[in-house]
>>> print(open('upload.txt').read())   # compact mmCIF, C-alpha atoms and all ligand atoms
# COMPACT_ATOMS: atom_id res chain seq x y z
CA MET G 1 12.50 13.09 -15.77
CA SER G 2 8.94 13.51 -16.96
CA LEU G 3 7.79 12.99 -13.39
CA ASP G 4 6.68 16.62 -13.02
CA TRP G 5 3.08 15.44 -12.50
CA LEU G 6 4.13 14.16 -9.06
CA HIS G 7 4.35 17.76 -7.87
CA ALA G 8 0.86 18.83 -8.99
CA PRO G 9 -1.19 19.77 -5.91
CA CYS G 10 -3.19 17.21 -3.98
CA ALA G 11 -6.92 17.59 -3.39
CA GLN G 12 -7.91 19.06 -0.05
CA PRO G 13 -10.00 17.14 2.48
CA ASP G 14 -13.19 19.04 3.43
CA ALA G 15 -12.62 20.55 6.89
CA VAL G 16 -16.24 21.79 7.17
CA LEU G 17 -17.61 18.28 6.52
CA ALA G 18 -15.08 16.85 8.99
CA ASP G 19 -16.38 19.22 11.68
CA ALA G 20 -19.99 18.37 10.78
CA ALA G 21 -19.23 14.62 10.92
CA ARG G 22 -17.52 15.06 14.30
CA ALA G 23 -20.57 16.97 15.61
CA HIS G 24 -22.89 14.29 14.16
CA GLN G 25 -20.99 11.55 16.02
CA LEU G 26 -21.62 13.42 19.28
CA GLN G 27 -25.39 13.31 18.60
CA LEU G 28 -25.53 9.52 18.08
CA THR G 29 -26.93 7.31 20.87
CA LYS G 30 -23.64 6.31 22.54
CA PRO G 31 -21.24 7.87 25.00
CA PRO G 32 -18.98 10.26 23.05
CA GLY G 33 -15.96 8.44 21.61
CA SER G 34 -17.24 4.99 22.59
CA LEU G 35 -16.91 3.67 19.04
CA GLY G 36 -13.24 4.60 19.09
CA LEU G 37 -11.41 4.29 15.79
CA LEU G 38 -14.69 3.53 13.96
CA GLU G 39 -15.75 7.12 14.69
CA ALA G 40 -12.45 8.57 13.49
CA LEU G 41 -12.60 6.50 10.28
CA ALA G 42 -16.14 7.66 9.45
CA ILE G 43 -15.18 11.29 10.10
CA GLN G 44 -12.06 10.97 7.93
CA LEU G 45 -14.02 9.30 5.11
CA ALA G 46 -16.75 11.99 5.24
CA SER G 47 -14.10 14.66 4.90
CA LEU G 48 -12.22 12.84 2.10
CA GLN G 49 -15.35 11.86 0.16
CA HIS G 50 -16.85 15.35 0.55
CA THR G 51 -20.12 13.97 1.84
CA SER G 52 -22.12 13.77 5.07
CA LYS G 53 -22.78 10.08 4.31
CA PRO G 54 -19.50 8.27 3.65
CA ALA G 55 -19.78 4.95 1.78
CA LEU G 56 -17.53 2.16 0.50
CA GLU G 57 -19.75 0.22 -1.87
CA ARG G 58 -17.27 0.48 -4.74
CA VAL G 59 -13.78 -0.62 -3.70
CA TRP G 60 -10.96 -0.86 -6.24
CA ILE G 61 -7.94 -3.11 -5.67
CA SER G 62 -4.85 -3.03 -7.89
CA VAL G 63 -2.16 -5.63 -7.21
CA PHE G 64 1.18 -4.68 -8.77
CA ALA G 65 3.65 -7.50 -9.44
CA GLY G 66 7.34 -7.24 -10.28
CA ASP G 67 10.56 -9.15 -9.86
CA HIS G 68 13.71 -8.00 -8.10
CA GLY G 69 17.34 -8.47 -9.16
CA VAL G 70 18.37 -8.54 -5.51
CA ALA G 71 16.69 -11.96 -5.26
CA ASP G 72 20.05 -13.22 -6.65
CA GLU G 73 21.57 -12.46 -3.24
CA GLY G 74 19.50 -15.18 -1.53
CA VAL G 75 17.34 -12.82 0.54
CA SER G 76 13.98 -14.64 0.30
CA ALA G 77 12.73 -17.96 1.60
CA PHE G 78 10.96 -18.55 -1.75
CA PRO G 79 12.26 -18.83 -5.34
CA GLN G 80 11.80 -15.96 -7.79
CA VAL G 81 9.54 -17.99 -10.13
CA VAL G 82 6.76 -17.60 -7.53
CA THR G 83 6.12 -13.97 -8.56
CA GLY G 84 4.97 -14.95 -12.06
CA GLU G 85 3.18 -18.05 -10.76
CA MET G 86 1.21 -15.91 -8.31
CA VAL G 87 0.23 -13.46 -11.07
CA ARG G 88 -1.48 -16.39 -12.76
CA ASN G 89 -3.06 -17.45 -9.44
CA PHE G 90 -4.40 -13.91 -8.79
CA ALA G 91 -6.03 -13.89 -12.20
CA SER G 92 -7.46 -17.39 -12.03
CA GLY G 93 -9.11 -16.67 -8.69
CA GLY G 94 -7.20 -18.89 -6.26
CA ALA G 95 -5.08 -16.40 -4.33
CA ALA G 96 -6.08 -14.93 -0.97
CA ILE G 97 -6.72 -11.54 -2.56
CA SER G 98 -8.85 -13.15 -5.28
CA VAL G 99 -11.11 -14.67 -2.61
CA LEU G 100 -11.18 -11.50 -0.52
CA ALA G 101 -12.00 -9.26 -3.49
CA ARG G 102 -14.78 -11.60 -4.63
CA THR G 103 -16.22 -11.75 -1.13
CA LEU G 104 -16.16 -7.95 -0.81
CA GLY G 105 -17.58 -7.41 -4.31
CA ALA G 106 -14.46 -5.34 -5.01
CA ASN G 107 -12.90 -4.80 -8.42
CA LEU G 108 -9.53 -6.62 -8.63
CA GLU G 109 -6.98 -5.44 -11.17
CA VAL G 110 -3.73 -7.45 -11.52
CA VAL G 111 -0.85 -5.52 -13.09
CA ASN G 112 2.28 -7.33 -14.27
CA LEU G 113 5.18 -4.87 -14.43
CA GLY G 114 7.75 -7.54 -15.21
CA THR G 115 8.41 -11.04 -13.96
CA VAL G 116 11.31 -13.35 -14.81
CA ASN G 117 8.84 -16.21 -15.12
CA ASP G 118 6.41 -14.42 -17.45
CA PRO G 119 2.86 -15.84 -17.45
CA GLY G 120 2.27 -14.02 -20.74
CA ASP G 121 -0.88 -12.37 -21.94
CA ILE G 122 -3.55 -14.02 -19.83
CA PRO G 123 -7.11 -12.93 -19.08
CA GLY G 124 -7.45 -10.80 -15.98
CA VAL G 125 -3.91 -9.40 -16.08
CA ARG G 126 -2.94 -5.93 -17.29
CA ARG G 127 0.38 -6.42 -19.04
CA ALA G 128 2.58 -3.42 -18.38
CA ILE G 129 5.98 -5.02 -18.73
CA ILE G 130 8.93 -2.72 -18.01
CA ALA G 131 11.62 -5.45 -17.92
CA PRO G 132 11.77 -9.04 -16.64
CA SER G 133 13.21 -7.73 -13.37
CA THR G 134 14.89 -4.76 -11.75
CA ALA G 135 18.69 -4.85 -11.61
CA ASN G 136 20.41 -6.26 -8.53
CA PHE G 137 20.85 -3.06 -6.52
CA CYS G 138 23.97 -4.45 -4.86
CA LEU G 139 25.60 -4.01 -8.27
CA ALA G 140 23.72 -1.20 -10.04
CA PRO G 141 20.69 1.09 -9.61
CA ALA G 142 17.55 -1.06 -9.50
CA MET G 143 15.90 1.02 -12.23
CA THR G 144 16.84 3.45 -14.97
CA VAL G 145 15.21 6.89 -14.91
CA GLU G 146 12.91 5.75 -17.73
CA GLN G 147 11.89 2.59 -15.84
CA LEU G 148 11.05 4.57 -12.69
CA ASP G 149 9.03 7.01 -14.77
CA ALA G 150 7.14 4.14 -16.47
CA ALA G 151 6.42 2.33 -13.19
CA MET G 152 5.06 5.44 -11.48
CA SER G 153 2.87 6.25 -14.48
CA ILE G 154 1.52 2.69 -14.58
CA GLY G 155 0.45 3.13 -10.93
CA ALA G 156 -1.23 6.44 -11.75
CA GLN G 157 -3.08 4.75 -14.66
CA SER G 158 -4.62 2.30 -12.18
CA VAL G 159 -5.97 5.25 -10.20
CA GLN G 160 -7.47 6.66 -13.42
CA ALA G 161 -9.18 3.29 -14.01
CA ALA G 162 -10.49 3.30 -10.42
CA LEU G 163 -11.86 6.81 -10.90
CA ALA G 164 -13.51 5.80 -14.19
CA ALA G 165 -15.22 2.96 -12.27
CA LYS G 166 -16.37 5.54 -9.68
CA ALA G 167 -14.46 3.79 -6.91
CA GLN G 168 -14.84 5.24 -3.42
CA LEU G 169 -11.64 3.67 -2.09
CA PHE G 170 -8.34 2.69 -3.71
CA ILE G 171 -6.33 -0.25 -2.38
CA GLY G 172 -2.88 -1.05 -3.74
CA GLY G 173 -1.29 -4.44 -3.23
CA GLU G 174 2.01 -5.97 -4.33
CA MET G 175 3.62 -9.26 -5.21
CA GLY G 176 7.35 -9.64 -5.70
CA ILE G 177 9.79 -12.15 -4.32
CA ALA G 178 12.53 -10.23 -2.43
CA ASN G 179 10.48 -7.06 -2.21
CA THR G 180 10.74 -6.88 1.60
CA THR G 181 14.49 -6.38 0.95
CA ALA G 182 13.78 -3.62 -1.58
CA ALA G 183 11.22 -2.00 0.73
CA ALA G 184 13.62 -2.14 3.69
CA ALA G 185 16.32 -0.56 1.51
CA VAL G 186 14.03 2.29 0.40
CA ALA G 187 12.74 2.89 3.93
CA SER G 188 16.29 2.87 5.38
CA ALA G 189 17.40 5.42 2.80
CA LEU G 190 14.30 7.64 3.21
CA LEU G 191 14.61 7.64 6.99
CA ASP G 192 18.44 7.53 7.12
CA GLU G 193 18.21 4.64 9.55
CA PRO G 194 20.19 1.37 9.69
CA PRO G 195 18.64 -1.56 7.80
CA SER G 196 18.54 -3.66 10.98
CA CYS G 197 15.57 -1.48 12.08
CA LEU G 198 13.66 -2.40 8.92
CA ALA G 199 14.71 -5.86 7.71
CA GLY G 200 12.53 -8.80 8.74
CA ALA G 201 11.67 -12.38 7.89
CA GLY G 202 9.62 -11.57 4.78
CA THR G 203 8.22 -14.86 3.45
CA GLY G 204 9.97 -16.77 6.27
CA LEU G 205 13.71 -16.25 6.73
CA ASP G 206 15.25 -17.59 9.94
CA ALA G 207 17.55 -15.52 12.18
CA ALA G 208 20.65 -16.33 10.07
CA GLY G 209 18.71 -15.42 6.91
CA ILE G 210 17.76 -12.07 8.38
CA ARG G 211 21.40 -11.38 9.35
CA HIS G 212 22.42 -12.10 5.74
CA LYS G 213 19.61 -9.84 4.48
CA VAL G 214 20.89 -7.01 6.71
CA SER G 215 24.42 -7.42 5.36
CA VAL G 216 23.10 -7.31 1.76
CA LEU G 217 21.17 -4.15 2.65
CA GLU G 218 24.22 -2.53 4.23
CA ARG G 219 26.21 -3.15 1.03
CA ALA G 220 23.41 -1.78 -1.15
CA LEU G 221 22.89 1.33 0.97
CA GLU G 222 26.61 2.06 0.91
CA ARG G 223 26.70 1.66 -2.86
CA HIS G 224 23.83 4.15 -3.32
CA ALA G 225 24.75 6.52 -0.49
CA ASP G 226 24.74 9.49 -2.87
CA ALA G 227 21.06 8.99 -3.79
CA SER G 228 19.81 12.00 -1.86
CA THR G 229 16.22 12.59 -3.03
CA ALA G 230 13.25 10.30 -2.44
CA LEU G 231 12.94 9.68 -6.19
CA GLU G 232 16.59 8.73 -6.53
CA GLN G 233 16.36 6.43 -3.50
CA LEU G 234 13.25 4.81 -5.01
CA ARG G 235 15.03 4.42 -8.36
CA CYS G 236 18.27 2.99 -6.96
CA LEU G 237 16.81 0.73 -4.24
CA GLY G 238 13.10 0.16 -5.02
CA GLY G 239 11.19 -2.05 -7.39
CA PHE G 240 8.70 -1.68 -10.21
CA GLU G 241 5.72 -2.47 -7.97
CA ILE G 242 6.95 -0.19 -5.15
CA ALA G 243 7.32 2.68 -7.62
CA ALA G 244 3.89 1.94 -9.14
CA LEU G 245 2.33 2.06 -5.67
CA THR G 246 4.09 5.35 -4.91
CA GLY G 247 2.79 6.83 -8.16
CA ALA G 248 -0.69 5.49 -7.45
CA TYR G 249 -0.79 7.02 -3.96
CA VAL G 250 0.27 10.44 -5.24
CA ALA G 251 -2.24 10.25 -8.10
CA ALA G 252 -5.05 9.19 -5.74
CA ALA G 253 -4.34 12.13 -3.41
CA GLN G 254 -4.26 14.49 -6.39
CA ALA G 255 -7.62 13.13 -7.58
CA GLY G 256 -9.19 13.12 -4.10
CA LEU G 257 -9.59 9.35 -3.92
CA PRO G 258 -9.08 7.88 -0.40
CA VAL G 259 -6.46 5.13 -0.13
CA LEU G 260 -6.31 2.16 2.23
CA VAL G 261 -2.67 1.09 2.73
CA ASP G 262 -1.84 -2.60 3.22
CA GLY G 263 1.39 -3.94 4.81
CA PHE G 264 5.14 -3.29 5.02
CA ILE G 265 5.90 -2.86 1.31
CA THR G 266 2.88 -0.66 0.58
CA THR G 267 3.62 1.44 3.69
CA THR G 268 7.14 2.00 2.36
CA ALA G 269 5.59 3.23 -0.90
CA ALA G 270 3.28 5.44 1.18
CA LEU G 271 6.32 6.86 3.01
CA ALA G 272 7.97 7.59 -0.34
CA ALA G 273 4.77 9.28 -1.60
CA VAL G 274 4.49 11.43 1.54
CA THR G 275 8.18 12.33 1.32
CA ILE G 276 7.68 13.45 -2.29
CA GLN G 277 4.37 15.23 -1.48
CA PRO G 278 3.46 15.73 2.20
CA ASP G 279 -0.15 16.57 1.20
CA VAL G 280 -0.64 12.89 0.27
CA ARG G 281 -0.77 11.99 3.97
CA PRO G 282 -4.41 12.97 4.76
CA TRP G 283 -5.64 10.68 1.93
CA LEU G 284 -4.13 7.55 3.51
CA LEU G 285 -5.90 5.19 5.87
CA PHE G 286 -3.89 2.29 7.29
CA ALA G 287 -5.44 -1.19 7.33
CA HIS G 288 -3.21 -3.26 9.58
CA ARG G 289 0.04 -3.75 11.43
CA SER G 290 1.89 -6.47 9.55
CA LYS G 291 4.02 -8.98 11.39
CA GLU G 292 6.98 -7.92 9.27
CA HIS G 293 9.65 -6.39 11.52
CA GLY G 294 9.84 -2.74 10.57
CA HIS G 295 6.19 -2.18 9.76
CA ALA G 296 5.31 -0.94 13.26
CA HIS G 297 8.19 1.54 12.99
CA LEU G 298 6.99 2.87 9.63
CA LEU G 299 3.46 3.25 11.00
CA ASN G 300 4.87 5.27 13.92
CA VAL G 301 6.86 7.48 11.59
CA LEU G 302 3.67 8.17 9.61
CA ALA G 303 1.63 8.67 12.82
CA ALA G 304 -0.74 6.00 11.49
CA GLN G 305 -3.20 4.07 13.61
CA PRO G 306 -3.96 0.83 11.75
CA VAL G 307 -7.38 -0.77 11.94
CA LEU G 308 -6.22 -4.37 12.52
CA ASP G 309 -3.38 -6.28 14.14
CA LEU G 310 -3.92 -9.91 13.11
CA GLY G 311 -0.35 -11.08 12.62
CA LEU G 312 -0.80 -10.98 8.83
CA ARG G 313 2.32 -10.90 6.61
CA LEU G 314 1.04 -11.95 3.20
CA GLY G 315 0.95 -8.72 1.22
CA GLU G 316 -0.99 -8.72 -2.10
CA ALA G 317 -3.49 -6.24 -0.48
CA SER G 318 -4.86 -8.96 1.78
CA GLY G 319 -4.66 -6.91 5.00
CA ALA G 320 -6.36 -3.93 3.41
CA ALA G 321 -9.13 -6.08 1.95
CA THR G 322 -9.65 -7.67 5.36
CA ALA G 323 -10.15 -4.23 6.94
CA VAL G 324 -12.81 -3.14 4.42
CA PRO G 325 -15.78 -4.71 6.28
CA LEU G 326 -14.83 -2.69 9.38
CA LEU G 327 -14.60 0.50 7.36
CA ARG G 328 -18.01 -0.29 5.88
CA LEU G 329 -19.40 -0.81 9.39
CA ALA G 330 -17.91 2.53 10.46
CA CYS G 331 -19.84 4.20 7.62
CA ALA G 332 -23.07 2.26 8.38
CA LEU G 333 -22.93 3.32 12.04
CA HIS G 334 -22.25 6.94 11.12
CA ASN G 335 -25.10 7.02 8.60
CA GLY G 336 -27.64 4.77 10.30
CA MET G 337 -27.59 5.29 14.07
CA ALA G 338 -30.33 7.35 15.67
CA THR G 339 -29.51 10.62 17.40
CA PHE G 340 -30.39 11.14 21.09
CA GLU G 341 -33.23 13.38 19.95
CA GLN G 342 -34.62 10.92 17.35
CA ALA G 343 -34.53 7.99 19.78
CA GLY G 344 -35.75 9.91 22.84
CA VAL G 345 -32.62 8.94 24.77
CA SER G 346 -31.32 11.37 27.38
CA ASN G 347 -27.94 12.88 26.62
CA ALA G 348 -25.30 13.47 29.27
O1 LIG L 401 2.75 -6.92 3.37
C1 LIG L 401 3.59 -7.32 4.18
O2 LIG L 401 3.73 -6.79 5.29
C2 LIG L 401 4.43 -8.52 3.79
C3 LIG L 401 5.31 -9.04 4.72
C4 LIG L 401 6.07 -10.14 4.34
C5 LIG L 401 5.98 -10.67 3.04
N1 LIG L 401 5.12 -10.11 2.15
C6 LIG L 401 4.99 -10.69 0.79
O3 LIG L 401 6.04 -11.60 0.56
C7 LIG L 401 6.80 -11.29 -0.59
C8 LIG L 401 8.12 -10.70 -0.19
O4 LIG L 401 8.78 -11.48 0.77
P1 LIG L 401 10.35 -11.80 0.54
O5 LIG L 401 10.72 -12.66 1.70
O6 LIG L 401 10.43 -12.53 -0.75
O7 LIG L 401 11.04 -10.48 0.51
C9 LIG L 401 5.99 -10.27 -1.37
O8 LIG L 401 5.31 -10.92 -2.40
C10 LIG L 401 5.07 -9.66 -0.35
O9 LIG L 401 3.78 -9.47 -0.89
C11 LIG L 401 4.36 -9.07 2.52
C1 LIG L 402 3.09 -18.22 -2.17
C2 LIG L 402 3.27 -16.73 -1.95
C3 LIG L 402 2.15 -15.87 -2.09
C4 LIG L 402 2.34 -14.49 -1.90
N1 LIG L 402 1.51 -13.45 -1.98
C5 LIG L 402 2.18 -12.34 -1.73
N2 LIG L 402 3.44 -12.66 -1.50
C6 LIG L 402 3.59 -13.98 -1.59
C7 LIG L 402 4.70 -14.82 -1.45
C8 LIG L 402 4.53 -16.20 -1.63
C9 LIG L 402 5.72 -17.08 -1.47
>>> encode(input="upload.txt", output="structure tokens")
Amino acid sequence: MSLDWLHAPCAQPDAVLADAARAHQLQLTKPPGSLGLLEALAIQLASLQHTSKPALERVWISVFAGDHGVADEGVSAFPQVVTGEMVRNFASGGAAISVLARTLGANLEVVNLGTVNDPGDIPGVRRAIIAPSTANFCLAPAMTVEQLDAAMSIGAQSVQAALAAKAQLFIGGEMGIANTTAAAAVASALLDEPPSCLAGAGTGLDAAGIRHKVSVLERALERHADASTALEQLRCLGGFEIAALTGAYVAAAQAGLPVLVDGFITTTAALAAVTIQPDVRPWLLFAHRSKEHGHAHLLNVLAAQPVLDLGLRLGEASGAATAVPLLRLACALHNGMATFEQAGVSNA
């Protein structure tokens, strides 16, 4: 595999600036700790951005789309054609993430890694087609070694584009009918846990649909039981967009670009990235707790405290985009509040 780049070292957060930011928070006109997670976020961003004044003016969002062979097993409430249809919708500005990105003034990149219903070469979409779909992982590995390699590199290229645009935060999103099945499969394999802990309703399965999804996952996990490394598990059970996200997260950590993780599928990619390279973990901030069964568990495993819990389960980076205003407020408070001394307020 030419995936050696995955093992290049990650950048190091600045511990001195983290200490200085923590000390600065104690000087601001509020009881210590009273801004809760907003304080922790500002401190983390100061340390990751190597600055005493963290900022999120330039936010980069890449939404990776790909289709899944396992959709043939009837594991989604929606038909597979929706993946390609939504690629068009992202680009033409009508999707939730299109509205959120516009409202935030964020750069939105849409990357098509392969959809059965191919919208073709349309403005606003980076065409990076690997194949129309992954293989049905109940029958064969989802990807070849070459396809995994390509998908992870395509993710890393998005990080390079974000860096070229001087982005201060990278957000990855995904779109792929049946990808909650692929994500649950990857997470089950990475954690060596039964799929019932990780399979949920996705786009809207009922209880019987979820039972069927679990049985499909059990078959797939048994078939690929000898996939023993994170990369092999990603290759056999993942998807193009999940692999692209994993590559993007590793590349962002290597480049020293903070990442805001979205929902269940992106958190699975984050878990894969951290399993491949534990030093990726400090570069990840977590936007929200998705309603998808299994997301809370993954957040616990990663010791992540998400910013929001709004019952979202859309994907496409929508939860991460929704958390950006709060992260911006955390920075504004950190940079703009008066100290006790400046304001002539008595400290405890
Ligand atoms: O981000 C999440 O937590 C999330 C939870 C449930 C569904 N989704 C989205 O729904 C699609 C996958 O759902 P499904 O049922 O087809 O596996 C995919 O396009 C995801 O972006 C996303
Ligand atoms: C319509 C639709 C939009 C989505 N966006 C992300 N996943 C999605 C799944 C569906 C079904």
>>> residues_around(input="upload.txt", residues="G:Leu327", least_positions_apart="4", cutoff="9 Å", atoms="only C-alpha atoms", output="PyMOL selection string")
chain G and resi 38+41-42+55-56+307+323+331-332
>>> closest_residue(input="upload.txt", among="G:Ala208, G:Ala95, G:Ala189, G:Ala156", to="G:Ala77", atoms="all atoms listed in the file")
G:Ala208
>>> atom_distance(input="upload.txt", atom1="atom CA of G:Asn89", atom2="atom CA of G:Ala244")
20.6 Å
>>> closest_residue(input="upload.txt", among="G:Val301, G:Val145, G:Ala220, G:Ala330", to="G:Ser2", atoms="all atoms listed in the file")
G:Val145
>>> closest_residue(input="upload.txt", among="G:Asn300, G:Ser290, G:Thr229, G:Asn335", to="ligand LIG 401 (chain L)", atoms="only C-alpha atoms and all ligand atoms")
G:Ser290
>>> residues_around(input="upload.txt", residues="G:Val81", least_positions_apart="3", cutoff="9 Å", atoms="only C-alpha atoms", output="short mmCIF file (atom, residue, chain, number, x, y, z; two decimals) with C-alpha atoms, in the frame of the given file")
data_model
loop_
_atom_site.label_atom_id
_atom_site.label_comp_id
_atom_site.auth_asym_id
_atom_site.auth_seq_id
_atom_site.Cartn_x
_atom_site.Cartn_y
_atom_site.Cartn_z
CA ASP G 67 10.56 -9.15 -9.86
CA PHE G 78 10.96 -18.55 -1.75
CA GLY G 84 4.97 -14.95 -12.06
CA GLU G 85 3.18 -18.05 -10.76
CA MET G 86 1.21 -15.91 -8.31
CA THR G 115 8.41 -11.04 -13.96
CA VAL G 116 11.31 -13.35 -14.81
CA ASN G 117 8.84 -16.21 -15.12
CA ASP G 118 6.41 -14.42 -17.45
CA ILE G 177 9.79 -12.15 -4.32
#
>>> residues_near_ligand(input="upload.txt", ligand="ligand LIG 401 (chain L)", cutoff="9 Å", atoms="all atoms listed in the file", output="ChimeraX atom specification")
/G:65-66,71,75-80,82-83,86,173-183,200-205,262-267,288-293,295,312-319
>>> write_last_selection(input="upload.txt", atoms="C-alpha atoms", output="tab-separated table (two decimals), in the frame of the given file")
chain	number	residue	atom	x	y	z
G	65	ALA	CA	3.65	-7.50	-9.44
G	66	GLY	CA	7.34	-7.24	-10.28
G	71	ALA	CA	16.69	-11.96	-5.26
G	75	VAL	CA	17.34	-12.82	0.54
G	76	SER	CA	13.98	-14.64	0.30
G	77	ALA	CA	12.73	-17.96	1.60
G	78	PHE	CA	10.96	-18.55	-1.75
G	79	PRO	CA	12.26	-18.83	-5.34
G	80	GLN	CA	11.80	-15.96	-7.79
G	82	VAL	CA	6.76	-17.60	-7.53
G	83	THR	CA	6.12	-13.97	-8.56
G	86	MET	CA	1.21	-15.91	-8.31
G	173	GLY	CA	-1.29	-4.44	-3.23
G	174	GLU	CA	2.01	-5.97	-4.33
G	175	MET	CA	3.62	-9.26	-5.21
G	176	GLY	CA	7.35	-9.64	-5.70
G	177	ILE	CA	9.79	-12.15	-4.32
G	178	ALA	CA	12.53	-10.23	-2.43
G	179	ASN	CA	10.48	-7.06	-2.21
G	180	THR	CA	10.74	-6.88	1.60
G	181	THR	CA	14.49	-6.38	0.95
G	182	ALA	CA	13.78	-3.62	-1.58
G	183	ALA	CA	11.22	-2.00	0.73
G	200	GLY	CA	12.53	-8.80	8.74
G	201	ALA	CA	11.67	-12.38	7.89
G	202	GLY	CA	9.62	-11.57	4.78
G	203	THR	CA	8.22	-14.86	3.45
G	204	GLY	CA	9.97	-16.77	6.27
G	205	LEU	CA	13.71	-16.25	6.73
G	262	ASP	CA	-1.84	-2.60	3.22
G	263	GLY	CA	1.39	-3.94	4.81
G	264	PHE	CA	5.14	-3.29	5.02
G	265	ILE	CA	5.90	-2.86	1.31
G	266	THR	CA	2.88	-0.66	0.58
G	267	THR	CA	3.62	1.44	3.69
G	288	HIS	CA	-3.21	-3.26	9.58
G	289	ARG	CA	0.04	-3.75	11.43
G	290	SER	CA	1.89	-6.47	9.55
G	291	LYS	CA	4.02	-8.98	11.39
G	292	GLU	CA	6.98	-7.92	9.27
G	293	HIS	CA	9.65	-6.39	11.52
G	295	HIS	CA	6.19	-2.18	9.76
G	312	LEU	CA	-0.80	-10.98	8.83
G	313	ARG	CA	2.32	-10.90	6.61
G	314	LEU	CA	1.04	-11.95	3.20
G	315	GLY	CA	0.95	-8.72	1.22
G	316	GLU	CA	-0.99	-8.72	-2.10
G	317	ALA	CA	-3.49	-6.24	-0.48
G	318	SER	CA	-4.86	-8.96	1.78
G	319	GLY	CA	-4.66	-6.91	5.00
>>> closest_residue(input="upload.txt", among="G:Leu28, G:Ala11, G:Ala18, G:Ala96", to="ligand LIG 402 (chain L)", atoms="all atoms listed in the file")
G:Ala96
>>> axis_aligned_box(input="upload.txt", around="ligand LIG 402 (chain L)", padding_each_side="6 Å", output="lines of an AutoDock Vina configuration file")
center_x = 3.6
center_y = -15.3
center_z = -1.8
size_x = 16.2
size_y = 17.9
size_z = 12.7
>>> atom_distance(input="upload.txt", atom1="atom CA of G:Arg235", atom2="atom CA of G:Ala151")
10.1 Å
>>> residues_near_point(input="upload.txt", point="(-1.5, 18.9, -0.9)", cutoff="9 Å", atoms="all atoms listed in the file", output="count of residues only")
13
>>> residues_near_point(input="upload.txt", point="(2.4, 1.6, -3.6)", cutoff="10 Å", atoms="only C-alpha atoms", output="ChimeraX atom specification")
/G:62-64,152,155,171-174,240-250,261-262,265-273
>>> closest_residue(input="upload.txt", among="G:Ser52, G:Ser98, G:Ser346, G:Ser228", to="ligand LIG 402 (chain L)", atoms="only C-alpha atoms and all ligand atoms")
G:Ser98
>>> residues_around(input="upload.txt", residues="G:Gly294", least_positions_apart="5", cutoff="7 Å", atoms="only C-alpha atoms", output="PyMOL selection string")
chain G and resi 197-200
>>> atom_distance(input="upload.txt", atom1="atom CA of G:Ala161", atom2="atom CA of G:Ala251")
11.5 Å
>>> residues_around(input="upload.txt", residues="G:Leu169", least_positions_apart="6", cutoff="10 Å", atoms="all atoms listed in the file", output="list in words")
Leu45, Gln49, Ala55, Leu56, Glu57, Arg58, Val59, Trp60, Ile61, Ala106, Ala162, Leu163, Ala252, Gly256, Leu257, Pro258, Val259, Leu260, Leu285 and Val324 of chain G
>>> closest_residue(input="upload.txt", among="G:Ala287, G:Val87, G:Leu231, G:Ala128", to="G:Asp4", atoms="only C-alpha atoms")
G:Leu231
